[in-house]
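Here's run_0.cif, which has mmCIF, C-alpha atoms:
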```cif
data_entry
loop_
_atom_site.label_atom_id
_atom_site.label_comp_id
_atom_site.auth_asym_id
_atom_site.auth_seq_id
_atom_site.Cartn_x
_atom_site.Cartn_y
_atom_site.Cartn_z
CA MET A 228 -48.75 -13.95 21.60
CA ARG A 229 -49.68 -10.64 20.00
CA LEU A 230 -51.02 -8.66 22.94
CA TYR A 231 -51.78 -5.57 20.85
CA GLN A 232 -54.59 -7.45 19.12
CA TRP A 233 -56.46 -7.70 22.43
CA ASP A 234 -55.70 -4.31 23.99
CA GLY A 235 -54.43 -1.48 21.81
CA TYR A 236 -54.24 0.85 24.81
CA ALA A 237 -51.86 -1.22 26.95
CA THR A 238 -48.36 0.25 27.00
CA ARG A 239 -46.32 -2.16 29.19
CA PHE A 240 -45.93 -5.93 29.35
CA GLN A 241 -43.73 -8.69 30.75
CA ALA A 242 -42.13 -11.34 28.54
CA GLN A 243 -39.20 -13.70 28.09
CA VAL A 244 -36.64 -13.54 25.30
CA VAL A 245 -37.32 -16.72 23.32
CA ARG A 246 -34.70 -16.08 20.62
CA ALA A 247 -31.94 -13.49 20.31
CA TRP A 248 -29.25 -13.03 17.68
CA SER A 249 -27.01 -10.41 16.12
CA GLU A 250 -25.98 -9.88 12.51
CA GLU A 251 -23.98 -7.28 10.65
CA ARG A 252 -27.16 -5.27 10.10
CA GLY A 253 -28.23 -5.23 13.77
CA HIS A 254 -29.55 -7.01 16.84
CA TYR A 255 -32.80 -9.01 16.96
CA ALA A 256 -35.09 -10.71 19.48
CA VAL A 257 -38.30 -12.74 19.54
CA LEU A 258 -40.32 -12.54 22.78
CA SER A 259 -42.81 -14.96 24.34
CA GLN A 260 -45.46 -12.23 23.92
CA THR A 261 -45.41 -8.63 22.78
CA LEU A 262 -47.34 -5.39 22.62
CA PHE A 263 -45.12 -4.11 19.82
CA TYR A 264 -47.04 -3.92 16.55
CA PRO A 265 -44.99 -5.17 13.57
CA GLU A 266 -45.10 -3.13 10.37
CA SER A 267 -47.98 -4.59 8.37
CA GLY A 268 -50.82 -3.53 6.11
CA GLY A 269 -49.29 -0.10 5.66
CA GLN A 270 -49.39 0.64 9.41
CA PRO A 271 -45.92 1.54 10.75
CA ALA A 272 -44.30 -0.54 13.48
CA ASP A 273 -44.27 0.46 17.12
CA THR A 274 -41.05 1.60 18.78
CA GLY A 275 -40.14 1.73 22.45
CA VAL A 276 -37.81 0.05 24.97
CA LEU A 277 -37.03 -3.30 26.59
CA ARG A 278 -35.76 -3.28 30.16
CA GLY A 279 -34.12 -6.05 32.16
CA GLU A 280 -31.02 -6.97 34.16
CA PHE A 281 -29.04 -6.02 31.04
CA GLY A 282 -30.28 -2.42 31.33
CA GLU A 283 -32.42 -0.70 28.72
CA VAL A 284 -32.34 -1.10 24.94
CA ARG A 285 -34.36 0.68 22.28
CA VAL A 286 -36.79 -1.18 20.02
CA LEU A 287 -36.05 0.47 16.68
CA HIS A 288 -38.36 -1.51 14.42
CA VAL A 289 -40.64 -4.56 14.49
CA TYR A 290 -41.54 -6.92 11.66
CA GLU A 291 -43.17 -10.30 11.00
CA GLU A 292 -41.10 -13.28 9.91
CA GLU A 293 -44.26 -14.60 8.28
CA LYS A 294 -47.34 -12.51 7.55
CA ALA A 295 -50.11 -12.63 10.18
CA PHE A 296 -48.98 -15.80 11.98
CA GLY A 297 -45.16 -15.79 12.02
CA ASP A 298 -42.91 -14.68 14.87
CA VAL A 299 -42.73 -10.96 15.65
CA VAL A 300 -39.10 -9.85 15.40
CA HIS A 301 -37.88 -6.84 17.41
CA VAL A 302 -34.95 -4.90 15.96
CA LEU A 303 -32.86 -3.60 18.88
CA SER A 304 -30.24 -0.92 19.48
CA HIS A 305 -28.12 -3.39 21.51
CA PRO A 306 -28.15 -7.18 22.01
CA VAL A 307 -30.18 -8.86 24.78
CA PRO A 308 -29.45 -12.30 26.27
CA GLU A 309 -31.62 -15.22 25.21
CA GLY A 310 -33.85 -16.42 28.07
CA ALA A 311 -33.82 -13.03 29.84
CA GLN A 312 -36.96 -11.65 31.48
CA VAL A 313 -37.89 -8.25 30.07
CA GLU A 314 -40.39 -5.47 30.55
CA GLY A 315 -41.42 -3.83 27.32
CA GLU A 316 -42.87 -0.34 26.93
CA ILE A 317 -44.13 1.10 23.66
CA ASP A 318 -43.93 4.76 22.59
CA TRP A 319 -47.54 5.62 23.38
CA GLU A 320 -47.81 8.89 21.46
CA ARG A 321 -46.59 7.16 18.31
CA ARG A 322 -49.00 4.24 18.82
CA PHE A 323 -52.00 6.53 19.46
CA ARG A 324 -51.33 8.52 16.29
CA HIS A 325 -51.15 5.30 14.32
CA MET A 326 -54.47 4.16 15.80
CA GLN A 327 -56.07 7.49 14.92
CA ARG A 328 -54.88 7.19 11.31
CA HIS A 329 -55.95 3.55 11.05
CA THR A 330 -59.44 3.91 12.52
CA ALA A 331 -59.97 7.10 10.50
CA GLN A 332 -59.00 5.21 7.34
CA HIS A 333 -61.62 2.52 8.03
CA ILE A 334 -64.23 5.23 8.57
CA LEU A 335 -63.25 7.18 5.45
CA SER A 336 -63.11 4.06 3.27
CA GLN A 337 -66.65 3.18 4.31
CA ALA A 338 -67.78 6.78 3.74
CA LEU A 339 -66.24 6.75 0.25
CA LEU A 340 -68.06 3.52 -0.51
CA ARG A 341 -71.41 4.92 0.68
CA ALA A 342 -71.09 8.38 -0.87
CA GLY A 343 -69.76 7.42 -4.30
CA GLY A 344 -69.48 3.65 -4.57
CA TYR A 345 -65.70 3.99 -4.39
CA HIS A 346 -63.83 0.81 -3.43
CA THR A 347 -60.59 0.99 -1.44
CA ILE A 348 -57.85 -1.19 -2.95
CA SER A 349 -54.87 -0.11 -0.83
CA VAL A 350 -53.96 2.34 1.93
CA SER A 351 -50.82 4.03 3.23
CA PRO A 352 -51.04 5.38 6.81
CA ASP A 353 -47.27 5.58 7.32
CA SER A 354 -47.10 9.38 7.64
CA ALA A 355 -49.25 12.22 8.98
CA VAL A 356 -50.76 12.67 5.52
CA CYS A 357 -52.33 9.27 4.74
CA THR A 358 -53.60 7.97 1.42
CA VAL A 359 -56.46 5.76 0.28
CA ASP A 360 -56.21 4.33 -3.23
CA LEU A 361 -59.52 3.78 -4.99
CA GLU A 362 -60.49 1.46 -7.81
CA GLU A 363 -62.59 4.24 -9.36
CA GLU A 364 -61.78 7.84 -10.23
CA PRO A 365 -63.68 10.00 -7.72
CA GLU A 366 -65.66 13.20 -8.26
CA GLU A 367 -65.07 16.28 -6.13
CA ASP A 368 -68.64 16.60 -4.83
CA LYS A 369 -68.75 12.92 -3.86
CA LEU A 370 -65.48 13.30 -1.99
CA ARG A 371 -66.90 16.19 0.03
CA GLN A 372 -69.98 14.11 0.80
CA ALA A 373 -67.72 11.27 1.95
CA GLU A 374 -65.72 13.64 4.18
CA ALA A 375 -68.92 14.90 5.80
CA LEU A 376 -70.22 11.36 6.26
CA ALA A 377 -66.91 10.29 7.83
CA ASN A 378 -67.10 13.11 10.35
CA PHE A 379 -70.74 12.29 11.14
CA ALA A 380 -69.45 8.82 12.00
CA VAL A 381 -66.84 10.44 14.24
CA TYR A 382 -69.48 12.50 16.06
CA ALA A 383 -71.68 9.43 16.45
CA ASP A 384 -69.04 8.03 18.84
CA TYR A 385 -69.46 4.46 17.63
CA PRO A 386 -67.76 1.75 19.71
CA VAL A 387 -64.85 0.06 17.96
CA GLU A 388 -64.41 -3.65 18.68
CA ALA A 389 -62.23 -6.44 17.36
CA PHE A 390 -63.21 -10.11 17.36
CA TRP A 391 -62.19 -13.37 15.70
CA VAL A 392 -64.21 -15.60 13.38
CA THR A 393 -63.43 -18.74 11.44
CA GLU A 394 -63.07 -18.74 7.68
CA GLU A 395 -66.36 -20.66 7.46
CA GLU A 396 -68.19 -17.96 9.44
CA LEU A 397 -67.10 -15.09 7.19
CA ALA A 398 -70.14 -15.39 4.94
CA GLN A 399 -72.32 -14.25 7.87
CA TYR A 400 -70.61 -10.85 8.00
CA PRO A 401 -71.16 -8.01 5.49
CA LEU A 402 -67.49 -7.04 5.09
CA ARG A 403 -66.49 -3.89 3.25
CA ARG A 404 -63.96 -5.93 1.28
CA PRO A 405 -62.79 -9.58 1.26
CA PRO A 406 -60.04 -10.52 3.76
CA LYS A 407 -56.49 -11.24 2.62
CA VAL A 408 -55.82 -13.97 5.20
CA GLN A 409 -57.18 -17.46 5.76
CA GLY A 410 -58.04 -19.52 8.84
CA GLN A 411 -58.93 -17.46 11.90
CA VAL A 412 -59.81 -13.97 10.74
CA ARG A 413 -59.80 -10.86 12.94
CA LEU A 414 -62.65 -8.44 12.20
CA VAL A 415 -62.90 -4.82 13.32
CA ARG A 416 -66.39 -3.37 13.69
CA ILE A 417 -67.14 0.36 14.05
CA GLY A 418 -70.69 0.40 15.41
CA ASP A 419 -73.10 -0.36 12.60
CA PHE A 420 -71.06 1.87 10.25
CA ASP A 421 -68.15 -0.31 9.11
CA LEU A 422 -66.95 -3.89 9.30
CA ALA A 423 -63.65 -5.08 7.85
CA ALA A 424 -60.98 -7.74 8.35
CA CYS A 425 -57.94 -6.15 9.98
CA GLY A 426 -55.01 -7.16 12.17
CA GLY A 427 -54.01 -3.63 13.18
CA THR A 428 -54.48 -1.51 16.28
CA HIS A 429 -57.59 0.65 16.64
CA LEU A 430 -59.23 3.19 18.92
CA LYS A 431 -61.97 2.41 21.42
CA THR A 432 -64.49 4.76 19.77
CA SER A 433 -64.88 6.51 16.44
CA ALA A 434 -64.91 9.90 18.19
CA GLN A 435 -61.21 9.56 19.01
CA ALA A 436 -60.36 9.46 15.29
CA GLY A 437 -61.63 12.93 14.51
CA PRO A 438 -61.55 15.26 12.88
CA ILE A 439 -61.03 13.65 9.48
CA LYS A 440 -60.03 16.06 6.72
CA VAL A 441 -59.63 15.22 3.02
CA LEU A 442 -56.78 17.37 1.69
CA LYS A 443 -56.83 16.54 -2.02
CA TRP A 444 -57.18 13.77 -4.56
CA GLU A 445 -55.50 12.83 -7.82
CA ARG A 446 -55.91 10.34 -10.65
CA TYR A 447 -53.84 7.26 -9.93
CA LYS A 448 -53.40 4.01 -11.89
CA GLY A 449 -56.78 4.24 -13.57
CA GLY A 450 -58.53 5.09 -10.30
CA GLY A 451 -57.91 7.73 -7.67
CA ARG A 452 -55.74 8.49 -4.66
CA VAL A 453 -57.23 10.43 -1.74
CA TYR A 454 -55.02 12.25 0.77
CA PHE A 455 -56.30 12.86 4.30
CA VAL A 456 -55.27 13.74 7.85
CA ALA A 457 -56.99 12.73 11.07
CA GLY A 458 -57.00 13.19 14.82
CA TRP A 459 -54.21 15.18 16.44
CA GLU A 460 -52.41 15.40 13.11
CA ALA A 461 -55.47 17.05 11.52
CA LEU A 462 -55.47 19.62 14.33
CA GLU A 463 -51.74 20.20 13.85
CA ASP A 464 -52.31 20.64 10.13
CA TYR A 465 -55.06 23.18 10.83
CA HIS A 466 -52.89 25.02 13.36
CA ALA A 467 -49.97 25.31 10.91
CA LYS A 468 -52.17 26.54 8.08
CA HIS A 469 -54.07 28.98 10.30
CA ALA A 470 -50.78 30.39 11.61
CA LEU A 471 -49.52 30.81 8.03
CA LEU A 472 -52.73 32.53 6.92
CA SER A 473 -52.63 34.80 9.95
CA ARG A 474 -49.07 35.91 9.15
CA LEU A 475 -50.00 36.57 5.52
CA ALA A 476 -53.13 38.44 6.59
CA LEU A 477 -51.07 40.66 8.89
CA GLY A 478 -48.81 41.60 5.98
CA PHE A 479 -51.83 42.55 3.86
CA SER A 480 -53.71 44.24 6.73
CA THR A 481 -56.70 41.94 6.37
CA ASN A 482 -58.20 38.88 8.08
CA PRO A 483 -57.01 35.30 7.39
CA LEU A 484 -59.92 34.51 5.07
CA GLY A 485 -59.41 37.76 3.18
CA VAL A 486 -55.87 37.17 1.87
CA GLU A 487 -56.94 35.68 -1.47
CA LYS A 488 -57.87 39.01 -3.07
CA PRO A 489 -54.64 40.93 -2.28
CA ILE A 490 -52.56 37.88 -3.27
CA GLN A 491 -54.37 37.71 -6.63
CA LYS A 492 -53.68 41.41 -7.12
CA LEU A 493 -50.03 40.85 -6.25
CA GLN A 494 -49.84 37.99 -8.78
CA GLU A 495 -51.32 40.18 -11.50
CA GLU A 496 -48.76 42.89 -10.75
CA LEU A 497 -45.99 40.29 -10.80
CA TYR A 498 -47.06 38.97 -14.22
CA THR A 499 -47.09 42.55 -15.54
CA LEU A 500 -43.62 43.24 -14.14
CA LYS A 501 -42.30 39.98 -15.59
CA GLY A 502 -43.54 41.00 -19.02
CA GLU A 503 -41.99 44.45 -18.70
CA ASN A 504 -38.73 42.94 -17.45
CA GLN A 505 -38.58 40.53 -20.39
CA ALA A 506 -39.17 43.38 -22.83
CA LEU A 507 -36.37 45.42 -21.22
CA LYS A 508 -33.99 42.44 -21.37
CA GLU A 509 -34.75 41.94 -25.05
CA ALA A 510 -34.15 45.64 -25.71
CA LEU A 511 -30.86 45.49 -23.78
CA VAL A 512 -29.71 42.48 -25.82
CA GLU A 513 -30.47 44.41 -29.04
CA ALA A 514 -28.49 47.40 -27.72
CA LEU A 515 -25.50 45.28 -26.66
CA LEU A 516 -25.33 43.17 -29.80
CA PRO A 517 -23.45 45.71 -32.00
CA ARG A 518 -20.86 46.34 -29.25
CA ALA A 519 -20.38 42.62 -28.71
CA LEU A 520 -19.80 42.07 -32.43
CA GLU A 521 -17.25 44.86 -32.48
CA GLU A 522 -15.39 44.30 -29.20
CA ARG A 523 -15.99 40.53 -28.77
CA ALA A 524 -14.92 40.74 -25.07
CA LEU A 525 -17.65 42.56 -23.22
CA LEU A 526 -18.90 43.16 -19.67
CA VAL A 527 -22.67 42.53 -19.61
CA PRO A 528 -25.39 42.12 -16.92
CA ALA A 529 -25.76 38.49 -15.80
CA SER A 530 -29.50 38.58 -16.61
CA VAL A 531 -28.86 38.88 -20.38
CA LEU A 532 -25.61 36.95 -20.63
CA GLY A 533 -27.22 33.73 -21.86
CA GLU A 534 -29.61 35.38 -24.32
CA LEU A 535 -26.85 37.53 -25.83
CA ALA A 536 -24.67 34.43 -26.23
CA LYS A 537 -27.48 32.71 -28.17
CA ARG A 538 -27.79 35.70 -30.50
CA LEU A 539 -24.04 35.62 -31.20
CA LEU A 540 -23.98 31.91 -32.12
CA SER A 541 -24.74 32.70 -35.78
CA TRP A 542 -21.32 34.43 -36.05
CA SER A 543 -19.54 31.09 -35.74
CA ASP A 544 -16.29 32.35 -37.26
CA LYS A 545 -15.62 34.70 -34.33
CA THR A 546 -14.84 34.04 -30.68
CA PHE A 547 -16.80 35.98 -28.06
CA PHE A 548 -16.20 36.39 -24.33
CA LEU A 549 -19.15 37.70 -22.32
CA LEU A 550 -18.53 38.39 -18.61
CA SER A 551 -20.82 39.69 -15.88
CA PRO A 552 -19.71 41.87 -12.92
CA GLU A 553 -20.44 38.91 -10.60
CA GLY A 554 -18.01 36.64 -12.48
CA ARG A 555 -20.45 34.59 -14.59
CA PHE A 556 -19.20 34.15 -18.16
CA ALA A 557 -20.07 32.68 -21.56
CA LEU A 558 -17.59 31.70 -24.27
CA LEU A 559 -18.45 30.83 -27.88
CA GLY A 560 -16.65 30.53 -31.15
CA PRO A 561 -13.70 28.54 -32.50
CA LYS A 562 -11.22 29.55 -29.75
CA ARG A 563 -13.60 29.16 -26.82
CA MET A 564 -11.72 26.23 -25.24
CA GLU A 565 -8.40 28.06 -25.56
CA VAL A 566 -9.87 31.09 -23.80
CA LEU A 567 -11.27 28.83 -21.07
CA GLU A 568 -7.83 27.35 -20.43
CA GLY A 569 -6.45 30.87 -19.99
CA LEU A 570 -9.25 31.80 -17.59
CA LYS A 571 -8.56 28.74 -15.45
CA ALA A 572 -5.32 30.41 -14.36
CA LEU A 573 -7.55 33.06 -12.74
CA GLY A 574 -9.63 30.43 -10.94
CA ALA A 575 -12.37 29.99 -13.55
CA LYS A 576 -14.49 26.85 -13.76
CA GLY A 577 -16.90 25.93 -16.51
CA GLY A 578 -17.81 23.74 -19.45
CA GLY A 579 -20.19 23.17 -22.32
CA LYS A 580 -20.32 22.51 -26.05
CA GLU A 581 -21.42 25.33 -28.35
CA VAL A 582 -21.51 27.80 -25.47
CA VAL A 583 -19.03 27.32 -22.60
CA GLN A 584 -20.49 28.73 -19.39
CA GLY A 585 -18.96 29.07 -15.95
CA ALA A 586 -17.75 31.45 -13.28
CA LEU A 587 -14.56 32.96 -11.93
CA PRO A 588 -13.80 34.85 -8.70
CA LYS A 589 -15.41 38.28 -8.63
CA GLU A 590 -12.12 39.99 -7.81
CA LYS A 591 -10.66 38.63 -11.08
CA VAL A 592 -13.30 40.15 -13.35
CA ALA A 593 -11.31 43.26 -14.32
CA GLU A 594 -8.17 41.21 -15.01
CA ALA A 595 -10.09 38.64 -17.04
CA LEU A 596 -11.78 41.17 -19.33
CA ASP A 597 -8.87 41.53 -21.75
CA PRO A 598 -9.77 41.90 -25.46
CA LYS A 599 -6.53 40.11 -26.37
CA ARG A 600 -8.06 36.86 -25.08
CA VAL A 601 -10.33 36.60 -28.12
CA SER A 602 -8.12 38.17 -30.76
#
```
Write the structure described by the file as C-alpha cells, please.
Amino acid sequence: MRLYQWDGYATRFQAQVVRAWSEERGHYAVLSQTLFYPESGGQPADTGVLRGEFGEVRVLHVYEEEKAFGDVVHVLSHPVPEGAQVEGEIDWERRFRHMQRHTAQHILSQALLRAGGYHTISVSPDSAVCTVDLEEEPEEDKLRQAEALANFAVYADYPVEAFWVTEEELAQYPLRRPPKVQGQVRLVRIGDFDLAACGGTHLKTSAQAGPIKVLKWERYKGGGRVYFVAGWEALEDYHAKHALLSRLALGFSTNPLGVEKPIQKLQEELYTLKGENQALKEALVEALLPRALEERALLVPASVLGELAKRLLSWSDKTFFLLSPEGRFALLGPKRMEVLEGLKALGAKGGGKEVVQGALPKEKVAEALDPKRVS
C-alpha cells in the first residue's frame, strides 16, 4: 500500500518486510506498506531510515518495479531480514521541498495555459531549479503574466486534494492534460484553479507552494523550456542573490539596485583597456620580430609568445626557440623536435605539430636559453 498517496504529511509508519534480497549493486526490500515515494514523473524519491531489531539502515533510493501499480522497492545501505517488523521514517525536509516544487509546478503549468495557451508536455522537479517544457515557444510578456497568475493562486490559499476516479469517469473532469495511466486514476485538484492526473505528493494548500519565481526561459525542441524556483528554495535563491548584490553594492558605494550603472562603466573601461592591451601586444610583436629572426633563441613575454610564433612560421627554413621568464616555450622550424628532446633533459614537457608548445621549470630558463640549441 502506498501510504504517501493518502497523507503526504505523515513521516512515520509501521510495516513488515515482504521481500528482501541483496545483489552486487546493493540491498533491496519490499514492504507491506510504505510512505517512501518512489522516483516517478520527474519527482525524486524519498530517503530516510528503517528501524527494527536489526538496528537502523538508511533508505538510499526508492523505485517502482512496474509504473504506478508495481511493488515499491527500497534501496538500503545494509540488508534487512525478510519478515522483520520495521518502522520507517522519511526525511521530512526533503519530502516537503519536493511537495513545494510539485504543487508549484501544477500551479505554474495551469497559469501558463491560461496566460498564453502554453501546454506542458514534460516537467523536471529533481533539483531546486525546476523546469517545465512547453509545446509552444513562449513570449516574455506572457511568461510574466503567468508568473503573476501563479502567485495570485498561491495567495488565494486554495485547498489541494487528491481523489480517485475510474477511467470511465474521467470524461466528467476538465483535466489540464490527459492522464498517462489507465484503470483507477488519481486526480489532484487545486481549488477551482487546476485539476490534473498525478500520483505524486502535494501540499495541503496552494499558499505553501509560494513564492513561485520564473528565472528564465529558452527555446527547446521546437517549443520552450521554463526554469522556476518555488517555496523555501525560492527564498533561498532570493537570499543568495540579495547577499551577492549587497556585497557588490558595498564595493561600488551604492545600494543593491544601483550596481548596474557602475558595473556598465567598469565593463566599458575593461573593453577600452583590452583594446589598448591588444594594440600594445601587436606593437611588441613587431618590435621583437627582427630580433627573433636574427637571434632565433629569444626570451619573450608569455603574453606574446604564441603570436610571435605564428609570425615566424613563414620562415620555415629556420628553427626558432621562444621562451618566457615563467618557463613557457614555443618551438618551430625543421629542428624543433630535436630541440625539444634536448629541453626534456631540463624537465621540459610539450608537444604539437607546426608549433611545439610546452613548459619547463622556471629555474631552468637561463640554462635553456642557449643560442646553440637552434644553430
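Going from CA of Ala593 in chain A over to CA of Ala506 in chain A, you cover 29.1 Å.
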Original post:
Using all atoms listed in the file, which residues sit within 10 Å of Glu553 in chain A once same-chain residues fewer than 4 positions away are excluded, as a VMD selection string?
Top reply: chain A and resid 527 to 529 586 to 592
Take the residues just selected and output them with C-alpha atoms as a CSV table (one decimal), in the frame of the given file.
```
chain,number,residue,atom,x,y,z
A,527,VAL,CA,-22.7,42.5,-19.6
A,528,PRO,CA,-25.4,42.1,-16.9
A,529,ALA,CA,-25.8,38.5,-15.8
A,586,ALA,CA,-17.8,31.4,-13.3
A,587,LEU,CA,-14.6,33.0,-11.9
A,588,PRO,CA,-13.8,34.8,-8.7
A,589,LYS,CA,-15.4,38.3,-8.6
A,590,GLU,CA,-12.1,40.0,-7.8
A,591,LYS,CA,-10.7,38.6,-11.1
A,592,VAL,CA,-13.3,40.2,-13.4
```
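Using all atoms listed in the file for every distance, the candidate list A:Leu558, A:Leu462, A:Tyr382, A:Ala595 yields A:Leu558 as the residue closest to Lys580 in chain A.
Among the candidates A:Ala557, A:Ala375, A:Tyr255, A:Gly585, the residue lying nearest to Lys571 in chain A is A:Gly585 (atoms considered: all atoms listed in the file).
This file, queried with the PyMOL selection byres ((chain A and resi 257) around 7), gives the residues Val244, Val245, Arg246, Ala247, Ala256, Leu258, Ser259, Asp298, Val299, Val300 and His301 of chain A.
Listed by chain and then by number, the residues chosen by the PyMOL selection byres ((chain A and resi 381) around 8) in this file are Ala377, Asn378, Phe379, Ala380, Tyr382, Ala383, Asp384, Tyr385, Ser433, Ala434, Gln435, Ala436, Gly437 and Pro438 of chain A.
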Subject >> Distance in Å - CA of Asp544 in chain A versus CA of Leu525 in chain A >> reply: 17.4 Å
**OP:** Find the distance between CA of Gly485 in chain A and CA of Thr499 in chain A and write it in Å to one decimal.
**Re:** 22.9 Å
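Each of A:His333, A:His469, A:Lys440, A:Arg341 was checked against Val486 in chain A using all atoms listed in the file; the smallest atom-to-atom distance is that of A:His469.
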